[in-house]
Each structure stands twice: as C-alpha cells, then as structure tokens.
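**Student:** Below are the structure tokens for one structure; questions will follow.
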Amino acid sequence: MSMEVKLDKNKLVPILEMMGYNTINGTDVWKKASENQDEFVFWGVDFKKNEIFKWVEDHREYDVPDDPAFMELKMLVENSVEPGGEPSADEPIADQSREDCQEGFTSEKNASPSYENDDTPDEKPSQIMDLIHGYVGNDVLEVFGDTGSGKSKFALTVAKEAIDSGKKVFYLDTERNLTEADIAGLKGCEYKYTPVIEEIDTICQKLPAVDVVIVDSIGFPILTSYARLSVKQKGDALLKLIAIFGDLKNWAYKNNGIVVVTNQPE
C-alpha cells in the first residue's frame, strides 16, 4: 500500500522496533516474520518506496483487510504521520549538524557541567554519575532489563550517589518497587509515584529544574494495559511513549542535566 503521505522514518523506526520489526544491514525495509514457521510470510514497511505491505510466498500484498497484523501495522503507521509528511508544529526541531557549528565553540548554556567533587566537605564524589556523564553527557541513559534484574536498585543507587554529591534529583516511580525505607532514604530528593501513563506524560512535560531525573520505569505502565487496548489505542500509547522520550531529551538539553530511564526489553 503506497501511502499518500511521506513516512517519517525517524518517528516510525522506534515504534517498529518495539513491535518486533527489524532491518538487515541498515536497509530502508523493516520486517517482522510470521511466528508460523510453516509459512513464508512477513509484514513490512518500505521507507524508500513509501509503502507498507504483507509478503506472501514471492510477492507483496498491499490490501489485506482480513489480516489483523497487517491492519495493526497500517493503523500505527497512519497514526504516526502528518498530512503531507510535514512535522507537526510542536515537534522539536532536530539538532543542528555538527558540521554547521564552528569547531571549538561552546556556549556557556550548552557547556557540559563537571560532575567531579567540588571539595565541599558534606559532598562526596559520585563514580556512577561520572561514568554516566562520560557515556551520554547531558542526555538520556536508558537501562533495559527483565523484571527482577536490578533496574530499580540501580536507579536508587544513582539517586543516592547524585544526592550525596550535591545534585538535585527528581525521582519518578511508576512501579512502586521502592520500599518505604528506600523512599525515606532519598533525603532531599523530590519523589513522585504514579502508574498512570497520562499522568507520567504530564509530569515529563513539566519537569523541575534539577540536575538528575530518574524514571523507573517508562515501559511498565503501557505493558500492563497494552493487551486490552484497541489497535488505535496501541498506536496512541506507543506514540505517547516516543513523545515522553522527546520531552526527556529536551529537558536534559535545556537544563544541562542527566536523565536515567529504566525499561523492559519488550
């Protein structure tokens, strides 16, 4: 099915990845094969040809209304694009190419803050914060892991070390994996709990001006209700998840801060 609007690869690829689609050698075709190994069938999005399709045996099919997988893909793709292929008015503009910037020039606003100890007696250096900053700078670090793999323990350790090193921390808990003792130990940290994705979305649009934001976790609220959602609601939920990540990246840039997000492999 050739689309009437231009498919936005940057917006769609993260959604396709979460749905189990992948590409080979970085081509413009993203595919997901049927779980039935007795049939050679897969569904795909071709960004070069600007179309979605179902591959059956040796050809592409573009109109398969009785195929739930194809209709789900079609709905998700249609919900993610704007008429004419133009980005929406409130969509953040992509970062300017490094080639457009003068070498060696760094504004004071964009300068990366030092996460080393400033010799204040009550503050301790944080090896974890230094390590995270060395990897991502003022940006988002996403940590994946299965349930029980220690993601929340890692997030709690990051929060405590950041606080001990004199940083202001905002902790958004969506799973209630922390005990009352854990929460009480986060002295000086702004802590908020909610499992509701709409509330999480609102909070991430209005994050406080702190040094470190922790979201534990981003995918769990959607996973708990995903199976009950309609096709359109699934598409809206995944798009909201992408929008939240955009808000977190924008916050990190504007506030010279670090965001640590935990997530499930699904």
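Just so we're on the same page: first chain in the structure tokens is A, next is B, and so on; residues restart at 1 for each chain, and ligands are numbered from 1 in the order they show up.
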Hey, what's within 12 Å of A:Phe53 if we count only C-alpha atoms and toss same-chain stuff fewer than 5 positions away? As a list in words, please?

**Tutor:**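 The neighbour list is Met1, Ser2, Met3, Val29, Trp30, Lys31, Lys32, Val41, Phe42, Trp43, Gly44, Val45, Asp46, Phe47, His59, Arg60, Glu61, Tyr62, Asp63, Val64, Pro65, Asp67, Ala69, Phe70, Met71, Glu72, Leu73, Lys74 and Val77 of chain A.
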
**Student:** May I have the residues within 8 Å of stretch 236-249 of chain A as number ranges by chain, using only C-alpha atoms and disregarding those fewer than 5 positions away in the same chain?

**Tutor:** A: 11, 14-15, 79-80, 92, 139-140, 201, 204-205, 218-219, 222, 259

**Student:** Tell me, in Å to one decimal, how far atom CA of A:Glu161 is from atom CA of A:Gln127.

**Tutor:**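 Atom-to-atom, atom CA of A:Glu161 to atom CA of A:Gln127, that is 8.1 Å.
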
**Student:** Can you tell me which residues surround stretch 187-190 of chain A at a distance of at most 9 Å, considering only C-alpha atoms, apart from same-chain residues fewer than 4 positions away, and format the answer as a short mmCIF file (atom, residue, chain, number, x, y, z; two decimals) with N, CA and C atoms, in the first residue's frame?

**Tutor:**
```cif
data_model
loop_
_atom_site.label_atom_id
_atom_site.label_comp_id
_atom_site.auth_asym_id
_atom_site.auth_seq_id
_atom_site.Cartn_x
_atom_site.Cartn_y
_atom_site.Cartn_z
N ALA A 159 20.39 7.65 42.31
CA ALA A 159 19.76 8.77 43.03
C ALA A 159 20.52 9.11 44.30
N LYS A 160 20.86 8.10 45.07
CA LYS A 160 21.56 8.34 46.34
C LYS A 160 22.94 8.95 46.12
N ILE A 163 22.60 12.58 45.06
CA ILE A 163 22.26 13.43 46.21
C ILE A 163 23.49 13.65 47.08
N LYS A 168 20.69 17.91 42.75
CA LYS A 168 19.25 17.89 42.99
C LYS A 168 18.64 16.81 42.09
N VAL A 169 17.79 15.98 42.68
CA VAL A 169 17.26 14.81 41.98
C VAL A 169 15.73 14.80 42.01
N PHE A 170 15.13 14.44 40.87
CA PHE A 170 13.70 14.19 40.79
C PHE A 170 13.51 12.73 40.41
N TYR A 171 12.77 11.99 41.24
CA TYR A 171 12.59 10.54 41.04
C TYR A 171 11.13 10.26 40.75
N LEU A 172 10.85 9.77 39.52
CA LEU A 172 9.50 9.40 39.12
C LEU A 172 9.40 7.88 39.14
N ILE A 183 12.43 5.07 50.11
CA ILE A 183 11.95 6.42 49.84
C ILE A 183 12.40 7.38 50.91
#
```

**Student:** Find, counting only C-alpha atoms, the residue in A:Lys234, A:Asn255, A:Leu156, A:Gly166 that gets nearest to A:Ile214.

**Tutor:**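 The answer is A:Leu156, which sits nearest to A:Ile214.
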
**Student:** When DSSP works through the backbone of this structure, what residues of stretch 156-250 of chain A end up as strand (DSSP E), shown as a list in words?

**Tutor:**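 Here are the strand (DSSP E) residues of stretch 156-250 of chain A: Val169, Phe170, Tyr171, Leu172, Asp173, Glu190, Tyr191, Lys192, Tyr193, Val212, Val213, Ile214, Val215 and Asp216 of chain A.
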